[in-house]
Amino acid sequence: MPNGSPGALATRFDPGAVEAEGWKRWNEARAFESEVDPDGSPRRGGHPEREPFTVVIPPPNITGRLHMGHALNNTIQDVLVRYRRMEGRDALWVPGTDHAGISTQTVVRKHLDSQGVDYRALGRDEFIARVWEWRERYGGVILEQLRKLGCSCDFRRTRFTMDDGLSRAVRTVFKALYDRDLIYRGKRVVNWCPVDRTALSDDEVETAPDGEPGHLWRIDYPLFDEPGKRLTVATTRPETLFGDVAVAVHPEDHRYRAFVGKQVLLPLTGRAIPVITDSAVDRNFGSGCLKITPAHDPHDFEIGQRHGLEPRNVMHEDATLNDAVPEPFRGLDRYRAREEAVAALDAAGLLQKVEPHRLPLGRAQRSGAPIEYRLSDQWFVRTRPLADRALRRSGWELGDEGWEKKSAGELRFHPARFEQLYARWLIGIRDWTISRQIWWGHRIPAWHHRETGEVLVGVNPPAAVQREPDAWRQDEDVLDTWFSSWLWPMSTLGWPDEHTPDLGRYYPTSVLSTDKGILFFWVARMNFAGIEMTGRLPYRDVYIHPTVLDERGAVMSKSKGNGVDPLAVIEGATLDELKRPVLEARPSNMGDLLRRVERNFPQGFEGVGADALRFTLVRLCSEGQEMRLALSKFHEIGRRFVTKLWNASRFALLAIEGVEESAPASAPQPEDRWITSRVAGCAQETRNALERFDFAAVGSLLYRFVWNDFCDWYVELAKARMRSAPESARRTAATLGLVLADTLALLHPVTPFVTEHLFGQLLPAMDRKGLWSETHPESALLARARFPAADAPRDPELETDFDALRRLVSGVRKLRADTGLPPDLPLPLAVKESPARPGFGALLTGCSGPVRAVARLESLSVLSKERPWSFGAASAGSNQVSIVDPAFEARTPLDGKLDPAAASARISTQLKRIRSQAAAARKRLDNRRFVERAEPAVVAEQRNRLEALSDQESRLLALAEQFTGRFENGAPRSSHEGA
RNA sequence: GGGCGAUUAACUCAGCGGGAGAGUGCUACCUUCACGCGGUAGAAGUCGCAGGUUCGAAUCCUGCAUCGCCCACCA
């Protein structure tokens with residue numbers, strides 16, 4: 001320690017050192033291990049009787065790097081977990097990572113590309129081996145980053161979605177759902193990504209809100225019998241014409257009645273196709289004739305099925321045209337083929353018209369490539385029965401009017417409005433495509449007979465397959481990543497083994513905290529799996545955190561280069577490091593972003609540490625759905641606050657070091673009882689806010705308590721007392737230490753590192769001086785200490801009186817400012833309590849010494865109502881200035897030090913304000929209907945208020961008498977009556 | 001097209017039926033022995049617009065405007 005004495009705190013807070021020390025102590029104490037080990041035996045010295053509180057982490061991708069959304073979500077989880085652990089629960093936070101099928105395959109493929117290796121040439125097994133290698137090297141980075149953030153996970157239980165156990169869980173569910181007819185295989189038109197060459201679920205496809213620019217081509221299809229007559233179809237995809245099997249018109253469309261049942265000649269092919277009717281056709285779009293391409297459009301597929309039309313697939317997996325098309329077009333990419341087809345149609349005189357047209361173009365979430373619709377054999381989860389069960393668990397019932405909310409349900413969303421969104425999605429749910437034509441993932445546990453086509457499904461290869469391995473082949477496809485994530489709360493705790501100690505004790509989990517972006521992908525599906533496989537929802541509460549936006553309100557994303565890197569916030573970054581994400585993303589507003597960074601952080605950004613990062617996020621985490629962040633906020637909010645806490649703790653520790661060991665402590669003074677009551681109140685309110693998931697309130701309660709109660713008032717009052725008698729100094733130091741200990745505990749869930757460090761200094765310092773009162777902290781480690789009680793006694797009367805005391809001190813300061821007196825001029829002051837607050841005088845007498853110091857008073861006389869005004873040794877001169885307050889009146893003599901004009905202007909301003917307030921109250925009370933209809937308590941309150949204001953007004957008027965020369969009729973000349 | 005959310009001081013946001021609030025920024029002053037990453041005092045708002053309900057509306061209802069998010073998609 002640089003400051004010599006053993007208990008002294010470094011002058012400057014060094015987050016890096018404090019964070020390293022924190023982890024060292026927590027690891028040594030195994031502070032974050034649950035009370036019961038995974039094998040079912042109690043933790044050494046643990047408390048297996050404590051009620052479990054379980055959170056499973058939303059598993060980040062192994063390819064992931066910590067971004068601000070992770071930082072926010074994991075801070076919130078850590079706040080909850082640390083709070084519950086301190087509150088006396090057996091807290092378990094299960095960490096882990098997700099194998100992230102397509103995403104990881106893409107990353108590793110690119111990694112291999114950069115080494116000149118073609119992944120397809122490697123073959124499936126070798127490629128998978130390379131992915132595992134990659135995962136060994138880089139897959140744990142994100143968990144290390146979570147540690148930097150301070151996450152109190154039980155890292156013994158770290159899981160990965162491709163672990164043996166979790167893989168068995170996947171196969172078990174697949175088999176069970178297949179047996180229950182909730183998984184089926186079918187030939188369907190699915191979303192297809194031509195880049196990754198795989199099917200995608202509907203949820204993995206994104207469409208720009210206003211569509212994308214394209215064209216609408218009108219093409220003539222000549223009648224087969226009478227080539228002079230033509231039907232004109234309108235299409236945005238002329239290249240799929242080769243797959244057309246019919247032209248459809250609306251059954252009631254009179255224009256085309258004569259064509260129905262005839263055949264048209266499909267251009268460029270010479271193939272004849274029928275003209276059919278289907279009511280799905282919109283008569284008002286284009287010409288009212290729809291070309292039917294069942295293999296390349298989901299709607300056309302449905303129409304084709306209704307009419308028994310055989311689909312014609314005209315594309316390869318990479319969206320080049322296949323051999324089903326005329327020779328000149330074979331092998332062409334779909335967009336090249338489009339140009340060629342249009343040119344050929346034009347040359348043949350069949351192109352009627354081309355017009356610009358915006359169309360809803362689906363793109364693959366991962367690759368960004370426009371989706372192709374592809375007819376293929378895929379596996380699906382039949383979601384309707386699962387969604388129905390989930391809806392019922394949430395208290396929804398299906399009636400004549402459709403689904404309606406009927407009862408509370410078992411699942412609580414925070415904020416509650418997300419239940420509507422969730423239910424709406426469940427009501428409109430469509431089957432889930434779960435097969436993916438990639439290599440990295442859980443291979444589908446189904447075997448196809450090479451000759452008969454029979455399909456067998458098993459957790460392990462079925463007996464028939466084992467008997468004749470050569471006659472069967474395992475399905476080539478793997479499962480959607482979410483098919484393992486949806487089991488996460490169960491599988492991390494040991495499912496499908498029915499009776500693991502973890503599953504029995506820690507499942508269902510308590511709270512799930514997540515981003516609203518994966519409400520459907522993940523949360524809803526976890527509910528399905530939980531209900532279906534265990535009969536229980538996997539958690540009771542779902543907290544949806546706000547979306548992190550940049551300072552201008554845009555969603556933070558890697559591709560926009562506008563993200564704020566949490567590690568830069570914690571550890572700092574040079575200017576070049578701050579610019580790097582922008583340069584990598586190369587967004588359209590790159591120059592602007594770079595200039596902004598250069599202007600705001602020319603010297604780079606000084607790291608503020610994990611605590612400041614966390615405090616800032618918590619402080620800004622309100623119930624809205626957005627959180628606007630700029631790098632500067634972390635200085636403004638988190639770092640300032642942590643520094644303030646550090647310095648206040650320094651003061652307390654210095655005070656404690658300074659007390660004489662032998663001195664007895666005096667009885668608690670009013671200010672001691674006040675701050676003790678305040679910290680008890682802060683504990684209650686903080687607990688309430690945590691129970692409501694109102695994190696912004698938690699941040700603001702703690703901020704206000706530390707800054708405005710503890711630092712601004714208690715510490716300031718304490719300074720004078722530390723210089724007084726040893727008994728008084730000892731009492732003050734004890735109170736400082738006790739209140740600080742509670743404060744650190746209250747703050748620990750939010751700012752774990754700095755509070756752990758400070759508590760580590762405070763505890764021995766208090767021990768050395770014997771300053772703990774009845775109770776000594778049970779734990780030397782704050783992480784395992786008790787959260788301050790919800791029922792500690794409070795003294796509301798004292799708190800109210802103390803507010804008046806604060807107004808008195810502020811009033812004196814304002815009086816000096818108003819009247820141009822130097823701020824350090826000692827004033828004699830006399831105070832009389834008003835009848836409204838009997839007891840205020842006693843409080844003031846009780847802490848007159850410290851009050852005199854903070855208000856810089858020459859003397860402080862507390863007078864009874866009847867006594868004439870007098871000012872200690874000073875003469876009670878005729879002219880006085882006064883502070884008029886509902887709780888008291890305070891006066892100081894003018895004594896020629898003060899400008900009478902300023903004093904009278906002051907009275908004039910105050911009168912004006914009070915009269916306007918009184919007028920408002922009077923107006924209300926004069927309204928007969930208000931008096932009749934408003935709640936009696938409200939009316940009474942207004943009466944009291946008016947009375948207090950009138951009292952103040954008359955006192956001010958009496959005071960103004962002194963300046964009679966400056967007033968007419970008792971009112972200041974410059975003021976206006978009322979308001 | 002449907003749904004959800006936001007609109008309050010220059011900025012970021014609380015407040016959600018009875019006196020317009022906080023932090024930042026701004027102005028003036030203060031080297032007070034924890035902290036200038038500080039302290040004290042101050043200026044600053046027709047609470048998006050228009051109706052309605054109510055004794056009373058920033059707060060509840062309706063409509064409109066602007067911004068954001070989600071879902072759907074007529075080829």
# chains A, B, ... in the order shown; residues from 1 in each chain; ligands from 1

call {"tool": "closest_atom_pairs", "arguments": {"of": "chain B", "to": "chain A", "cutoff": "9 Å", "atoms": "only C-alpha atoms (C1' of nucleotides)", "output": "Markdown table"}}
result
| residue | atom | partner | partner_atom | distance |
| --- | --- | --- | --- | --- |
| B:G3 | C1' | A:Leu421 | CA | 8.2 |
| B:C4 | C1' | A:Leu421 | CA | 7.9 |
| B:G5 | C1' | A:Gln625 | CA | 6.8 |
| B:A6 | C1' | A:Gly624 | CA | 8.2 |
| B:U12 | C1' | A:Arg628 | CA | 7.6 |
| B:C13 | C1' | A:Leu620 | CA | 8.1 |
| B:A14 | C1' | A:Ala697 | CA | 8.8 |
| B:G18 | C1' | A:Val938 | CA | 7.0 |
| B:G19 | C1' | A:Gln917 | CA | 7.8 |
| B:A22 | C1' | A:Ser700 | CA | 8.9 |
| B:G23 | C1' | A:Ile637 | CA | 7.8 |
| B:U24 | C1' | A:Glu636 | CA | 7.1 |
| B:C29 | C1' | A:Pro823 | CA | 8.3 |
| B:C30 | C1' | A:Pro823 | CA | 7.9 |
| B:A34 | C1' | A:Phe651 | CA | 4.2 |
| B:C35 | C1' | A:Asn647 | CA | 5.2 |
| B:C37 | C1' | A:Arg640 | CA | 5.3 |
| B:U40 | C1' | A:Arg813 | CA | 7.3 |
| B:A41 | C1' | A:Lys814 | CA | 6.3 |
| B:C55 | C1' | A:Phe930 | CA | 3.8 |
| B:G56 | C1' | A:Phe930 | CA | 7.7 |
| B:G68 | C1' | A:Gly553 | CA | 8.2 |
| B:C69 | C1' | A:Gln625 | CA | 8.5 |
| B:C70 | C1' | A:Leu421 | CA | 8.6 |
| B:C71 | C1' | A:Trp425 | CA | 8.1 |
| B:C73 | C1' | A:Pro360 | CA | 6.5 |
| B:C74 | C1' | A:Phe285 | CA | 6.2 |
| B:A75 | C1' | A:Thr235 | CA | 5.7 |

call {"tool": "select_by_dssp", "arguments": {"residues": "range 701-813 of chain A", "states": "alpha helix (DSSP H)", "output": "NGL selection string"}}
result
:A and (701-704 or 716-722 or 726-747 or 752-769 or 796-813)

call {"tool": "write_last_selection", "arguments": {"atoms": "C-alpha atoms", "output": "mmCIF file, in the first residue's frame"}}
result
data_model
loop_
_atom_site.group_PDB
_atom_site.id
_atom_site.type_symbol
_atom_site.label_atom_id
_atom_site.label_comp_id
_atom_site.auth_asym_id
_atom_site.auth_seq_id
_atom_site.Cartn_x
_atom_site.Cartn_y
_atom_site.Cartn_z
ATOM 1 C CA LEU A 701 -31.416 4.227 -5.481
ATOM 2 C CA LEU A 702 -27.837 3.226 -4.773
ATOM 3 C CA TYR A 703 -26.436 6.276 -6.529
ATOM 4 C CA ARG A 704 -28.647 8.663 -4.601
ATOM 5 C CA GLU A 716 -19.770 16.169 5.846
ATOM 6 C CA LEU A 717 -21.315 16.162 9.308
ATOM 7 C CA ALA A 718 -18.843 13.492 10.403
ATOM 8 C CA LYS A 719 -15.847 15.662 9.600
ATOM 9 C CA ALA A 720 -16.594 18.035 12.456
ATOM 10 C CA ARG A 721 -17.295 15.198 14.858
ATOM 11 C CA MET A 722 -14.023 13.451 14.065
ATOM 12 C CA PRO A 726 -12.656 10.885 21.377
ATOM 13 C CA GLU A 727 -15.981 9.269 22.376
ATOM 14 C CA SER A 728 -17.809 11.180 19.703
ATOM 15 C CA ALA A 729 -15.120 10.413 17.119
ATOM 16 C CA ARG A 730 -15.358 6.746 17.979
ATOM 17 C CA ARG A 731 -19.131 6.717 17.572
ATOM 18 C CA THR A 732 -18.787 8.517 14.253
ATOM 19 C CA ALA A 733 -16.152 6.100 12.972
ATOM 20 C CA ALA A 734 -18.282 3.150 14.064
ATOM 21 C CA THR A 735 -21.308 4.503 12.227
ATOM 22 C CA LEU A 736 -19.222 5.258 9.142
ATOM 23 C CA GLY A 737 -17.937 1.695 9.150
ATOM 24 C CA LEU A 738 -21.267 0.021 9.815
ATOM 25 C CA VAL A 739 -23.112 2.029 7.208
ATOM 26 C CA LEU A 740 -20.313 1.549 4.704
ATOM 27 C CA ALA A 741 -20.406 -2.205 5.288
ATOM 28 C CA ASP A 742 -24.117 -2.252 4.463
ATOM 29 C CA THR A 743 -23.599 0.031 1.499
ATOM 30 C CA LEU A 744 -20.913 -2.232 0.065
ATOM 31 C CA ALA A 745 -23.175 -5.240 0.473
ATOM 32 C CA LEU A 746 -26.041 -3.432 -1.250
ATOM 33 C CA LEU A 747 -23.760 -2.487 -4.108
ATOM 34 C CA PRO A 752 -18.651 -6.762 -7.235
ATOM 35 C CA PHE A 753 -14.927 -6.102 -7.587
ATOM 36 C CA VAL A 754 -14.567 -2.729 -5.946
ATOM 37 C CA THR A 755 -16.952 -3.587 -3.129
ATOM 38 C CA GLU A 756 -15.130 -6.836 -2.410
ATOM 39 C CA HIS A 757 -11.850 -4.960 -2.221
ATOM 40 C CA LEU A 758 -13.207 -2.202 -0.008
ATOM 41 C CA PHE A 759 -14.887 -4.698 2.285
ATOM 42 C CA GLY A 760 -11.583 -6.539 2.489
ATOM 43 C CA GLN A 761 -10.050 -3.331 3.885
ATOM 44 C CA LEU A 762 -12.977 -2.326 6.054
ATOM 45 C CA LEU A 763 -13.457 -5.606 7.894
ATOM 46 C CA PRO A 764 -9.978 -5.814 9.471
ATOM 47 C CA ALA A 765 -9.931 -2.077 10.152
ATOM 48 C CA MET A 766 -13.181 -2.342 12.101
ATOM 49 C CA ASP A 767 -11.855 -5.464 13.840
ATOM 50 C CA ARG A 768 -8.667 -3.691 14.934
ATOM 51 C CA LYS A 769 -10.640 -0.916 16.579
ATOM 52 C CA PRO A 796 -39.551 8.139 9.374
ATOM 53 C CA GLU A 797 -40.088 11.063 11.787
ATOM 54 C CA LEU A 798 -36.372 11.551 12.111
ATOM 55 C CA GLU A 799 -35.926 11.337 8.346
ATOM 56 C CA THR A 800 -38.570 14.020 7.849
ATOM 57 C CA ASP A 801 -36.949 16.273 10.427
ATOM 58 C CA PHE A 802 -33.604 15.677 8.862
ATOM 59 C CA ASP A 803 -34.961 16.862 5.517
ATOM 60 C CA ALA A 804 -35.809 20.124 7.265
ATOM 61 C CA LEU A 805 -32.292 20.265 8.653
ATOM 62 C CA ARG A 806 -30.941 19.886 5.126
ATOM 63 C CA ARG A 807 -33.220 22.696 3.969
ATOM 64 C CA LEU A 808 -31.937 24.857 6.801
ATOM 65 C CA VAL A 809 -28.307 24.374 5.781
ATOM 66 C CA SER A 810 -29.117 24.888 2.097
ATOM 67 C CA GLY A 811 -31.148 27.935 3.097
ATOM 68 C CA VAL A 812 -28.172 29.507 4.803
ATOM 69 C CA ARG A 813 -26.027 28.917 1.732
#

call {"tool": "closest_atom_pairs", "arguments": {"of": "range 8-33 of chain B", "to": "range 45-50 of chain B", "cutoff": "12 Å", "atoms": "only C-alpha atoms (C1' of nucleotides)", "output": "Markdown table"}}
result
| residue | atom | partner | partner_atom | distance |
| --- | --- | --- | --- | --- |
| B:U8 | C1' | B:C47 | C1' | 3.8 |
| B:A9 | C1' | B:G45 | C1' | 5.0 |
| B:A10 | C1' | B:G45 | C1' | 11.3 |
| B:G15 | C1' | B:C47 | C1' | 10.5 |
| B:C16 | C1' | B:C47 | C1' | 11.7 |
| B:A20 | C1' | B:C47 | C1' | 7.9 |
| B:G21 | C1' | B:G45 | C1' | 11.1 |

call {"tool": "write_last_selection", "arguments": {"atoms": "N, CA and C atoms (P, O5', C5', C4', C3', O3' and C1' of nucleotides)", "output": "PDB file, in the first residue's frame"}}
result
ATOM      1  P     U B   8     -39.285  14.283 -25.637  1.00  0.00           P
ATOM      2  O5'   U B   8     -40.166  14.618 -24.359  1.00  0.00           O
ATOM      3  C5'   U B   8     -40.946  15.799 -24.331  1.00  0.00           C
ATOM      4  C4'   U B   8     -40.977  16.370 -22.939  1.00  0.00           C
ATOM      5  C3'   U B   8     -39.616  16.655 -22.330  1.00  0.00           C
ATOM      6  O3'   U B   8     -39.091  17.896 -22.789  1.00  0.00           O
ATOM      7  C1'   U B   8     -40.904  15.488 -20.768  1.00  0.00           C
ATOM      8  P     A B   9     -37.591  18.042 -23.032  1.00  0.00           P
ATOM      9  O5'   A B   9     -37.195  19.172 -21.995  1.00  0.00           O
ATOM     10  C5'   A B   9     -37.320  20.568 -22.331  1.00  0.00           C
ATOM     11  C4'   A B   9     -36.181  21.304 -21.679  1.00  0.00           C
ATOM     12  C3'   A B   9     -34.808  20.828 -22.150  1.00  0.00           C
ATOM     13  O3'   A B   9     -34.149  21.780 -22.968  1.00  0.00           O
ATOM     14  C1'   A B   9     -34.922  21.002 -19.779  1.00  0.00           C
ATOM     15  P     A B  10     -34.422  22.512 -24.129  1.00  0.00           P
ATOM     16  O5'   A B  10     -33.266  21.874 -25.025  1.00  0.00           O
ATOM     17  C5'   A B  10     -32.770  22.507 -26.196  1.00  0.00           C
ATOM     18  C4'   A B  10     -31.383  21.986 -26.444  1.00  0.00           C
ATOM     19  C3'   A B  10     -31.201  20.496 -26.165  1.00  0.00           C
ATOM     20  O3'   A B  10     -31.443  19.737 -27.339  1.00  0.00           O
ATOM     21  C1'   A B  10     -29.545  21.715 -24.985  1.00  0.00           C
ATOM     22  P     G B  15     -40.561   5.561 -14.779  1.00  0.00           P
ATOM     23  O5'   G B  15     -41.252   6.788 -14.037  1.00  0.00           O
ATOM     24  C5'   G B  15     -41.350   6.802 -12.621  1.00  0.00           C
ATOM     25  C4'   G B  15     -41.891   8.140 -12.168  1.00  0.00           C
ATOM     26  C3'   G B  15     -43.373   8.360 -12.439  1.00  0.00           C
ATOM     27  O3'   G B  15     -44.105   8.014 -11.272  1.00  0.00           O
ATOM     28  C1'   G B  15     -42.118  10.247 -13.189  1.00  0.00           C
ATOM     29  P     C B  16     -45.092   6.759 -11.359  1.00  0.00           P
ATOM     30  O5'   C B  16     -46.203   7.305 -12.338  1.00  0.00           O
ATOM     31  C5'   C B  16     -47.439   7.870 -11.932  1.00  0.00           C
ATOM     32  C4'   C B  16     -48.308   7.832 -13.154  1.00  0.00           C
ATOM     33  C3'   C B  16     -48.905   6.445 -13.462  1.00  0.00           C
ATOM     34  O3'   C B  16     -50.332   6.539 -13.461  1.00  0.00           O
ATOM     35  C1'   C B  16     -47.664   7.311 -15.341  1.00  0.00           C
ATOM     36  P     A B  20     -46.495  21.553 -10.556  1.00  0.00           P
ATOM     37  O5'   A B  20     -45.004  21.582 -10.017  1.00  0.00           O
ATOM     38  C5'   A B  20     -43.910  21.842 -10.849  1.00  0.00           C
ATOM     39  C4'   A B  20     -43.391  20.533 -11.341  1.00  0.00           C
ATOM     40  C3'   A B  20     -41.893  20.455 -11.317  1.00  0.00           C
ATOM     41  O3'   A B  20     -41.550  19.860 -10.102  1.00  0.00           O
ATOM     42  C1'   A B  20     -42.815  19.579 -13.357  1.00  0.00           C
ATOM     43  P     G B  21     -40.209  20.216  -9.384  1.00  0.00           P
ATOM     44  O5'   G B  21     -39.439  18.850  -9.636  1.00  0.00           O
ATOM     45  C5'   G B  21     -38.095  18.869  -9.975  1.00  0.00           C
ATOM     46  C4'   G B  21     -37.631  17.452  -9.952  1.00  0.00           C
ATOM     47  C3'   G B  21     -36.226  17.289 -10.489  1.00  0.00           C
ATOM     48  O3'   G B  21     -35.275  17.548  -9.477  1.00  0.00           O
ATOM     49  C1'   G B  21     -37.650  15.730 -11.533  1.00  0.00           C
TER      50        G B  21
END

call {"tool": "residues_around", "arguments": {"residues": "range 397-408 of chain A", "least_positions_apart": "3", "cutoff": "12 Å", "atoms": "only C-alpha atoms (C1' of nucleotides)", "output": "list of chain:residue names"}}
result
A:Ala387, A:Asp388, A:Arg389, A:Ala390, A:Leu391, A:Arg392, A:Arg393, A:Ser394, A:Leu411, A:Arg412, A:Phe413, A:Ala416, A:Glu419, A:Gln420, A:Ala423, A:Arg424, A:Trp425, A:Leu426, A:Ile427, A:Gly428

call {"tool": "atom_distance", "arguments": {"atom1": "CA of Phe224 in chain A", "atom2": "CA of Leu265 in chain A"}}
result
5.1 Å

call {"tool": "atom_distance", "arguments": {"atom1": "CA of Leu863 in chain A", "atom2": "CA of Ser950 in chain A"}}
result
22.2 Å

call {"tool": "closest_residue", "arguments": {"among": "B:G42, B:G17, B:G2, B:C11", "to": "U54 in chain B", "atoms": "only C-alpha atoms (C1' of nucleotides)"}}
result
B:G17

call {"tool": "atom_distance", "arguments": {"atom1": "CA of Arg692 in chain A", "atom2": "CA of Glu623 in chain A"}}
result
10.5 Å

call {"tool": "select_by_dssp", "arguments": {"residues": "range 584-756 of chain A", "states": "strand (DSSP E or B)", "output": "list in words"}}
result
Phe605, Glu606, Glu626, Met627 and Arg628 of chain A

call {"tool": "residues_around", "arguments": {"residues": "G52 in chain B", "least_positions_apart": "6", "cutoff": "12 Å", "atoms": "only C-alpha atoms (C1' of nucleotides)", "output": "VMD selection string"}}
result
chain B and resid 60 to 63

call {"tool": "residues_around", "arguments": {"residues": "Asp37 in chain A", "least_positions_apart": "3", "cutoff": "10 Å", "atoms": "only C-alpha atoms (C1' of nucleotides)", "output": "PDB file with C-alpha atoms, in the first residue's frame"}}
result
ATOM      1  CA  GLU A  33     -19.942 -23.094  -6.441  1.00  0.00           C
ATOM      2  CA  SER A  34     -23.428 -24.232  -5.534  1.00  0.00           C
ATOM      3  CA  GLY A  40     -25.187 -34.706  -4.919  1.00  0.00           C
ATOM      4  CA  SER A  41     -22.845 -34.214  -1.971  1.00  0.00           C
ATOM      5  CA  PRO A  42     -23.014 -30.967   0.007  1.00  0.00           C
ATOM      6  CA  ARG A  43     -20.372 -28.331  -0.502  1.00  0.00           C
ATOM      7  CA  ARG A  44     -17.709 -28.303   2.229  1.00  0.00           C
ATOM      8  CA  GLY A  46     -22.073 -25.419   2.692  1.00  0.00           C
ATOM      9  CA  PRO A  48     -27.723 -27.612   1.344  1.00  0.00           C
ATOM     10  CA  ARG A 156     -17.271 -26.462 -12.935  1.00  0.00           C
ATOM     11  CA  ARG A 157     -20.546 -26.991 -14.721  1.00  0.00           C
ATOM     12  CA  PRO A 501     -28.895 -34.723  -8.397  1.00  0.00           C
ATOM     13  CA  ASP A 502     -28.654 -31.499 -10.404  1.00  0.00           C
TER      14      ASP A 502
END

call {"tool": "residues_around", "arguments": {"residues": "range 132-147 of chain A", "least_positions_apart": "2", "cutoff": "10 Å", "atoms": "only C-alpha atoms (C1' of nucleotides)", "output": "NGL selection string"}}
result
:A and (19 or 23 or 59-67 or 70-71 or 74-75 or 95-99 or 104 or 107-108 or 111 or 126-130 or 149-153 or 155 or 158 or 160 or 440 or 566-567 or 610)

call {"tool": "write_last_selection", "arguments": {"atoms": "C-alpha atoms", "output": "CSV table (one decimal), in the first residue's frame"}}
result
chain,number,residue,atom,x,y,z
A,19,GLU,CA,-10.3,-7.1,-10.4
A,23,TRP,CA,-10.9,-13.3,-8.8
A,59,PRO,CA,-25.0,-19.9,-24.3
A,60,PRO,CA,-23.0,-17.6,-26.5
A,61,ASN,CA,-21.7,-19.0,-29.8
A,62,ILE,CA,-18.2,-20.5,-29.7
A,63,THR,CA,-17.4,-18.0,-32.5
A,64,GLY,CA,-18.6,-15.1,-30.4
A,65,ARG,CA,-16.8,-12.1,-29.0
A,66,LEU,CA,-18.2,-10.2,-26.1
A,67,HIS,CA,-20.4,-7.3,-27.4
A,70,HIS,CA,-23.7,-9.8,-23.9
A,71,ALA,CA,-22.3,-7.4,-21.3
A,74,ASN,CA,-24.7,-11.1,-18.3
A,75,THR,CA,-24.5,-8.1,-15.9
A,95,PRO,CA,-22.3,-21.3,-18.0
A,96,GLY,CA,-21.7,-22.7,-21.4
A,97,THR,CA,-21.4,-22.3,-25.2
A,98,ASP,CA,-23.4,-23.1,-28.3
A,99,HIS,CA,-21.9,-24.9,-31.3
A,104,THR,CA,-19.3,-21.8,-36.9
A,107,VAL,CA,-16.2,-19.1,-39.8
A,108,VAL,CA,-14.1,-22.3,-40.0
A,111,HIS,CA,-10.4,-19.8,-41.8
A,126,GLU,CA,-11.8,-34.3,-41.6
A,127,PHE,CA,-13.7,-31.1,-41.7
A,128,ILE,CA,-15.5,-31.8,-38.4
A,129,ALA,CA,-12.1,-32.7,-36.9
A,130,ARG,CA,-10.9,-29.3,-38.0
A,149,LEU,CA,-17.0,-8.9,-16.5
A,150,GLY,CA,-17.2,-10.5,-13.1
A,151,CYS,CA,-19.8,-13.2,-13.9
A,152,SER,CA,-20.2,-15.5,-10.9
A,153,CYS,CA,-20.9,-18.6,-12.8
A,155,PHE,CA,-17.5,-22.8,-14.0
A,158,THR,CA,-19.5,-25.4,-18.0
A,160,PHE,CA,-21.2,-27.2,-24.6
A,440,TRP,CA,-21.2,-29.2,-38.3
A,566,PRO,CA,-17.2,-3.7,-23.5
A,567,LEU,CA,-13.5,-4.8,-23.2
A,610,ALA,CA,-15.7,-3.8,-15.0
